[in-house]
Amino acid sequence: MGVYVHVPFCAQKCYYCDFHSVVVSDEEDFSEVAGNYLISLRQEALYYRSVWGESPLNTLFVGGGTPSLIPPKELAAFIVLLRETLPFVREPEISMEANPHSLTHEGAEQLSMAGVNRVSLGVQAFQDRLLEAIGRAHRSEQIGESVAALRQAGIENINLDLMFGLPGQSQRDWVETLELASALKPTHVSCYGLILEDETPLTRWVSEGLVDVPKDDEQAEMFETACRILKGDGYNHYEISNFCKPGWQCKHNLLYWHNKPFIGLGSGATGYIKGLRYKNAPDVQGYIESWGRGAPLYEGFNEVSLDQEMDETMMVGMRLLRGIDERAFRSRYQVGFSDLYREAIEDLLARGLVEYTEGRLRVTYQGLFLENQVSGAFLR
Ligand code: SF4
């Protein structure tokens, strides 16, 4: 079980992004807002301390937004406080997302001393013209520098986030990105296809015909290329979008794919505690004011019924290439998934999208390309 902390601040808004994040324009204002935000996060952690109880927490993931925009000294102090507030195990996995443009050597050292032992770098591409086309704040030369700074600070567990299907991205660009990423020898690589989310500038430009993005079949070819190159370089493909060197899976994300409880902290964060899923309102100022009064600011929450929980366990579990173990499912829910989802499974088997071997149901190579259909089949 773990904790997710959302840090909703960014240097600029990437053209494809629909995450909750606020653009930081004025340094002085930001320093005050960031300080207040960290105080509110601490109050929220204290609030959940009693609700959560003593179940040990194995992971902490500080995501965003761009957590590396917060002055590292303050972020490091916050992480230390959080570890004292909530029942973390002695050596939790502590991941943090960072952008290459806002990660310094000094910052990496401070975070490492606070216990950060895994960093996920938002690389996306190694070609400056592509980074510009999607509105990223960093440039390619900063990627290697960031990796070196992390290693010097003793952080070996490094993920590189890459994206395919970008405007103007050729198959050759994508191969180059994969090869340059792999040459940096990260422990983990994530590859995400660009999604044109509603109401983003990029979606508008594409619909107005101003920008072209690779078609679905070209994106599928890019995904195949990623599987081939990364597997060839010794990475295990363990989740649809995720590859790692043996033994370096992201423990925090595994918790989501196993549908386990977690505490979510921060404006816009979601959490899942004792059968209740909640979503905080995506409103930084409202969040700070609300915790000033000692109360959460929810956008909504709902009780998850046992049926819903089982559906969710199947849907997220099928993202893992190892699939779902029938015996583990039975011991968790006192019923096998083969009985509950007989028709859905028979249909997926007939279409060649899943296979059932040695008591595990898992997605086939063909099913990887139609993951939405595989997951969707378990929603009753
Ligand atoms: S850095 Fe991440 S969260 Fe911030 S705008 Fe870009 S994609 Fe969105």
# chains A, B, ... in the order shown; residues from 1 in each chain; ligands from 1
$ closest_atom_pairs --of "chain A" --to "ligand 1" --cutoff "9 Å" --atoms "only C-alpha atoms and all ligand atoms" --output "Markdown table"
| residue | atom | partner | partner_atom_place_in_ligand_line | distance |
| --- | --- | --- | --- | --- |
| A:Pro8 | CA | ligand 1 | 3 (S) | 7.2 |
| A:Phe9 | CA | ligand 1 | 4 (Fe) | 6.9 |
| A:Cys10 | CA | ligand 1 | 4 (Fe) | 4.6 |
| A:Ala11 | CA | ligand 1 | 4 (Fe) | 7.2 |
| A:Gln12 | CA | ligand 1 | 5 (S) | 6.0 |
| A:Lys13 | CA | ligand 1 | 5 (S) | 3.9 |
| A:Cys14 | CA | ligand 1 | 6 (Fe) | 4.2 |
| A:Tyr15 | CA | ligand 1 | 5 (S) | 7.5 |
| A:Tyr16 | CA | ligand 1 | 7 (S) | 7.0 |
| A:Cys17 | CA | ligand 1 | 8 (Fe) | 4.5 |
| A:Asp18 | CA | ligand 1 | 8 (Fe) | 6.5 |
| A:Phe19 | CA | ligand 1 | 8 (Fe) | 5.5 |
| A:His20 | CA | ligand 1 | 3 (S) | 7.0 |
| A:Ser21 | CA | ligand 1 | 3 (S) | 5.9 |
| A:Val22 | CA | ligand 1 | 4 (Fe) | 8.1 |
| A:Val23 | CA | ligand 1 | 5 (S) | 7.9 |
| A:Gly63 | CA | ligand 1 | 3 (S) | 8.7 |
| A:Gly64 | CA | ligand 1 | 3 (S) | 5.4 |
| A:Gly65 | CA | ligand 1 | 3 (S) | 3.7 |
| A:Thr66 | CA | ligand 1 | 1 (S) | 5.6 |
| A:Ala98 | CA | ligand 1 | 1 (S) | 8.5 |
| A:Asn99 | CA | ligand 1 | 1 (S) | 6.9 |
| A:Gly122 | CA | ligand 1 | 1 (S) | 7.3 |
| A:Ile134 | CA | ligand 1 | 6 (Fe) | 8.8 |
| A:Gly135 | CA | ligand 1 | 6 (Fe) | 7.6 |
| A:Arg136 | CA | ligand 1 | 6 (Fe) | 6.3 |
| A:Ala137 | CA | ligand 1 | 1 (S) | 7.8 |
$ closest_atom_pairs --of "segment 246-282 of chain A" --to "segment 286-309 of chain A" --cutoff "10 Å" --atoms "only C-alpha atoms" --output "JSON lines"
{"residue": "A:Asn259", "atom": "CA", "partner": "A:Glu309", "partner_atom": "CA", "distance": 8.0}
{"residue": "A:Lys260", "atom": "CA", "partner": "A:Glu309", "partner_atom": "CA", "distance": 9.9}
{"residue": "A:Leu265", "atom": "CA", "partner": "A:Pro296", "partner_atom": "CA", "distance": 10.0}
{"residue": "A:Gly266", "atom": "CA", "partner": "A:Tyr287", "partner_atom": "CA", "distance": 7.6}
{"residue": "A:Ser267", "atom": "CA", "partner": "A:Tyr287", "partner_atom": "CA", "distance": 5.8}
{"residue": "A:Gly268", "atom": "CA", "partner": "A:Glu299", "partner_atom": "CA", "distance": 8.2}
{"residue": "A:Ala269", "atom": "CA", "partner": "A:Tyr298", "partner_atom": "CA", "distance": 9.5}
{"residue": "A:Thr270", "atom": "CA", "partner": "A:Phe301", "partner_atom": "CA", "distance": 9.2}
{"residue": "A:Gly271", "atom": "CA", "partner": "A:Phe301", "partner_atom": "CA", "distance": 9.3}
{"residue": "A:Tyr272", "atom": "CA", "partner": "A:Val304", "partner_atom": "CA", "distance": 9.2}
{"residue": "A:Ile273", "atom": "CA", "partner": "A:Glu303", "partner_atom": "CA", "distance": 9.7}
{"residue": "A:Lys274", "atom": "CA", "partner": "A:Glu303", "partner_atom": "CA", "distance": 8.9}
{"residue": "A:Gly275", "atom": "CA", "partner": "A:Val304", "partner_atom": "CA", "distance": 5.4}
{"residue": "A:Leu276", "atom": "CA", "partner": "A:Glu303", "partner_atom": "CA", "distance": 4.5}
{"residue": "A:Arg277", "atom": "CA", "partner": "A:Phe301", "partner_atom": "CA", "distance": 5.4}
{"residue": "A:Tyr278", "atom": "CA", "partner": "A:Phe301", "partner_atom": "CA", "distance": 4.0}
{"residue": "A:Lys279", "atom": "CA", "partner": "A:Gly300", "partner_atom": "CA", "distance": 5.5}
{"residue": "A:Asn280", "atom": "CA", "partner": "A:Tyr298", "partner_atom": "CA", "distance": 4.2}
{"residue": "A:Ala281", "atom": "CA", "partner": "A:Glu299", "partner_atom": "CA", "distance": 4.3}
{"residue": "A:Pro282", "atom": "CA", "partner": "A:Glu299", "partner_atom": "CA", "distance": 7.7}
$ residues_around --residues "Asp217 of chain A" --least-positions-apart "3" --cutoff "12 Å" --atoms "only C-alpha atoms" --output "ChimeraX atom specification"
/A:165,171,193,213-214,220-224,369
$ residues_around --residues "His188 of chain A" --least-positions-apart "2" --cutoff "7 Å" --atoms "only C-alpha atoms" --output "ChimeraX atom specification"
/A:158-160,186,190,243-245,248
$ write_last_selection --atoms "N, CA, C and O atoms" --output "compact mmCIF listing (two decimals), in the first residue's frame"
# COMPACT_ATOMS: atom_id res chain seq x y z
N ILE A 158 16.06 4.89 -12.22
CA ILE A 158 15.60 6.02 -13.05
C ILE A 158 14.67 5.52 -14.15
O ILE A 158 14.99 4.56 -14.86
N ASN A 159 13.52 6.17 -14.24
CA ASN A 159 12.60 5.88 -15.34
C ASN A 159 12.65 7.02 -16.34
O ASN A 159 12.73 8.19 -15.97
N LEU A 160 12.60 6.67 -17.62
CA LEU A 160 12.45 7.69 -18.66
C LEU A 160 11.06 7.52 -19.29
O LEU A 160 10.74 6.44 -19.78
N PRO A 186 18.69 3.47 -18.28
CA PRO A 186 17.77 3.61 -17.15
C PRO A 186 17.29 2.22 -16.71
O PRO A 186 17.37 1.26 -17.48
N SER A 190 9.05 4.01 -19.78
CA SER A 190 7.60 4.00 -20.05
C SER A 190 7.38 4.59 -21.43
O SER A 190 7.99 5.61 -21.77
N PHE A 243 8.34 -0.94 -19.27
CA PHE A 243 9.43 -1.88 -19.50
C PHE A 243 10.46 -1.65 -18.39
O PHE A 243 10.70 -0.51 -17.99
N CYS A 244 11.06 -2.73 -17.91
CA CYS A 244 12.10 -2.51 -16.88
C CYS A 244 13.17 -3.58 -16.98
O CYS A 244 12.95 -4.67 -17.51
N LYS A 245 14.34 -3.25 -16.45
CA LYS A 245 15.39 -4.25 -16.29
C LYS A 245 14.90 -5.22 -15.22
O LYS A 245 14.12 -4.82 -14.34
N TRP A 248 13.22 -4.39 -11.55
CA TRP A 248 13.07 -2.94 -11.34
C TRP A 248 11.67 -2.44 -11.70
O TRP A 248 11.52 -1.28 -12.10
$ select_by_dssp --residues "segment 138-227 of chain A" --states "helix (DSSP H, G or I)" --output "PyMOL selection string"
chain A and resi 141-152+171-183+201-207+216-227
$ atom_distance --atom1 "atom CA of Leu348 of chain A" --atom2 "atom CA of Trp257 of chain A"
20.0 Å
$ closest_residue --among "A:Pro67, A:Pro87, A:Gly2, A:Gly323" --to "Arg49 of chain A" --atoms "only C-alpha atoms"
A:Pro87
$ closest_residue --among "A:Leu180, A:Gln127, A:Ala114, A:Leu166" --to "Asp212 of chain A" --atoms "only C-alpha atoms"
A:Leu166
$ closest_residue --among "A:Thr85, A:Thr177, A:Asn117, A:Gln219" --to "Ala153 of chain A" --atoms "only C-alpha atoms"
A:Asn117
$ closest_residue --among "A:Ser170, A:Asp128, A:Ile143, A:Val80" --to "Ser102 of chain A" --atoms "only C-alpha atoms"
A:Ile143
$ closest_residue --among "A:Arg342, A:Arg360, A:Arg118, A:Lys73" --to "Lys251 of chain A" --atoms "only C-alpha atoms"
A:Arg118
$ atom_distance --atom1 "atom CA of Arg327 of chain A" --atom2 "atom CA of Thr364 of chain A"
20.3 Å
$ select_by_dssp --residues "segment 248-363 of chain A" --states "strand (DSSP E or B)" --output "MDAnalysis selection string"
chainID A and resid 262:265 270:273 276:280 298:303 320 324:325 354:357 360:363
$ write_last_selection --atoms "N, CA, C and O atoms" --output "compact mmCIF listing (two decimals), in the first residue's frame"
# COMPACT_ATOMS: atom_id res chain seq x y z
N PHE A 262 -4.71 3.11 -1.46
CA PHE A 262 -3.63 4.10 -1.34
C PHE A 262 -4.22 5.43 -0.85
O PHE A 262 -5.40 5.71 -1.05
N ILE A 263 -3.38 6.19 -0.20
CA ILE A 263 -3.78 7.52 0.25
C ILE A 263 -3.38 8.50 -0.85
O ILE A 263 -2.24 8.46 -1.33
N GLY A 264 -4.29 9.34 -1.25
CA GLY A 264 -3.96 10.37 -2.25
C GLY A 264 -3.99 11.74 -1.58
O GLY A 264 -4.95 12.05 -0.87
N LEU A 265 -2.95 12.49 -1.76
CA LEU A 265 -2.87 13.82 -1.14
C LEU A 265 -2.66 14.88 -2.20
O LEU A 265 -1.89 14.66 -3.14
N THR A 270 -6.51 11.60 -6.30
CA THR A 270 -7.52 10.60 -5.94
C THR A 270 -6.91 9.67 -4.90
O THR A 270 -5.68 9.52 -4.83
N GLY A 271 -7.76 9.05 -4.10
CA GLY A 271 -7.30 8.08 -3.11
C GLY A 271 -8.31 6.95 -3.01
O GLY A 271 -9.45 7.06 -3.51
N TYR A 272 -7.90 5.89 -2.35
CA TYR A 272 -8.76 4.70 -2.25
C TYR A 272 -8.48 4.06 -0.89
O TYR A 272 -7.46 3.40 -0.70
N ILE A 273 -9.34 4.36 0.06
CA ILE A 273 -9.10 3.93 1.45
C ILE A 273 -10.34 3.23 1.99
O ILE A 273 -11.44 3.78 1.93
N LEU A 276 -13.47 3.17 -0.05
CA LEU A 276 -14.00 4.47 -0.48
C LEU A 276 -13.01 5.11 -1.44
O LEU A 276 -11.83 5.26 -1.11
N ARG A 277 -13.50 5.47 -2.61
CA ARG A 277 -12.66 6.21 -3.54
C ARG A 277 -13.03 7.68 -3.46
O ARG A 277 -14.21 8.02 -3.52
N TYR A 278 -12.02 8.55 -3.34
CA TYR A 278 -12.33 9.98 -3.30
C TYR A 278 -11.48 10.72 -4.31
O TYR A 278 -10.42 10.25 -4.72
N LYS A 279 -12.00 11.85 -4.73
CA LYS A 279 -11.22 12.72 -5.62
C LYS A 279 -11.27 14.12 -5.05
O LYS A 279 -12.34 14.67 -4.80
N ASN A 280 -10.09 14.68 -4.80
CA ASN A 280 -10.02 16.05 -4.33
C ASN A 280 -10.31 17.01 -5.48
O ASN A 280 -9.97 16.72 -6.64
N TYR A 298 -13.41 17.82 -1.37
CA TYR A 298 -13.62 16.74 -2.35
C TYR A 298 -14.36 17.24 -3.57
O TYR A 298 -15.26 18.07 -3.47
N GLU A 299 -14.01 16.68 -4.71
CA GLU A 299 -14.87 16.87 -5.89
C GLU A 299 -15.97 15.81 -5.82
O GLU A 299 -17.08 16.01 -6.24
N GLY A 300 -15.61 14.65 -5.28
CA GLY A 300 -16.59 13.59 -5.12
C GLY A 300 -15.96 12.39 -4.46
O GLY A 300 -14.74 12.29 -4.36
N PHE A 301 -16.83 11.50 -3.95
CA PHE A 301 -16.32 10.21 -3.48
C PHE A 301 -17.43 9.18 -3.57
O PHE A 301 -18.61 9.52 -3.59
N ASN A 302 -17.04 7.94 -3.69
CA ASN A 302 -18.05 6.89 -3.75
C ASN A 302 -17.55 5.60 -3.11
O ASN A 302 -16.35 5.32 -3.12
N GLU A 303 -18.52 4.90 -2.53
CA GLU A 303 -18.19 3.61 -1.95
C GLU A 303 -18.07 2.62 -3.09
O GLU A 303 -18.89 2.62 -4.01
N LEU A 320 -1.24 -5.92 -16.86
CA LEU A 320 0.04 -6.57 -16.59
C LEU A 320 0.23 -7.76 -17.52
O LEU A 320 -0.69 -8.57 -17.70
N ILE A 324 -3.53 -12.26 -14.63
CA ILE A 324 -4.12 -12.39 -13.29
C ILE A 324 -4.18 -13.87 -12.93
O ILE A 324 -4.58 -14.71 -13.73
N ASP A 325 -3.76 -14.14 -11.71
CA ASP A 325 -3.72 -15.52 -11.22
C ASP A 325 -5.09 -15.88 -10.64
O ASP A 325 -5.60 -15.19 -9.76
N VAL A 354 -6.84 -12.76 -25.46
CA VAL A 354 -6.28 -13.22 -24.17
C VAL A 354 -5.97 -14.71 -24.29
O VAL A 354 -6.44 -15.39 -25.21
N GLU A 355 -5.16 -15.20 -23.35
CA GLU A 355 -4.92 -16.64 -23.27
C GLU A 355 -4.99 -17.05 -21.80
O GLU A 355 -4.75 -16.22 -20.90
N TYR A 356 -5.33 -18.32 -21.59
CA TYR A 356 -5.43 -18.81 -20.22
C TYR A 356 -4.50 -20.00 -20.10
O TYR A 356 -4.73 -21.05 -20.70
N THR A 357 -3.39 -19.81 -19.39
CA THR A 357 -2.44 -20.91 -19.22
C THR A 357 -1.94 -20.92 -17.79
O THR A 357 -1.76 -19.86 -17.18
N ARG A 360 -3.44 -18.71 -15.20
CA ARG A 360 -3.39 -17.24 -15.32
C ARG A 360 -4.08 -16.81 -16.61
O ARG A 360 -3.91 -17.45 -17.66
N LEU A 361 -4.81 -15.72 -16.50
CA LEU A 361 -5.41 -15.12 -17.69
C LEU A 361 -4.56 -13.92 -18.05
O LEU A 361 -4.31 -13.05 -17.22
N ARG A 362 -4.09 -13.90 -19.29
CA ARG A 362 -3.23 -12.77 -19.67
C ARG A 362 -3.53 -12.34 -21.11
O ARG A 362 -4.08 -13.10 -21.91
N VAL A 363 -3.13 -11.12 -21.37
CA VAL A 363 -3.37 -10.54 -22.69
C VAL A 363 -2.36 -11.15 -23.69
O VAL A 363 -1.23 -11.47 -23.30
$ atom_distance --atom1 "atom CA of Leu57 of chain A" --atom2 "atom CA of Asn253 of chain A"
13.5 Å
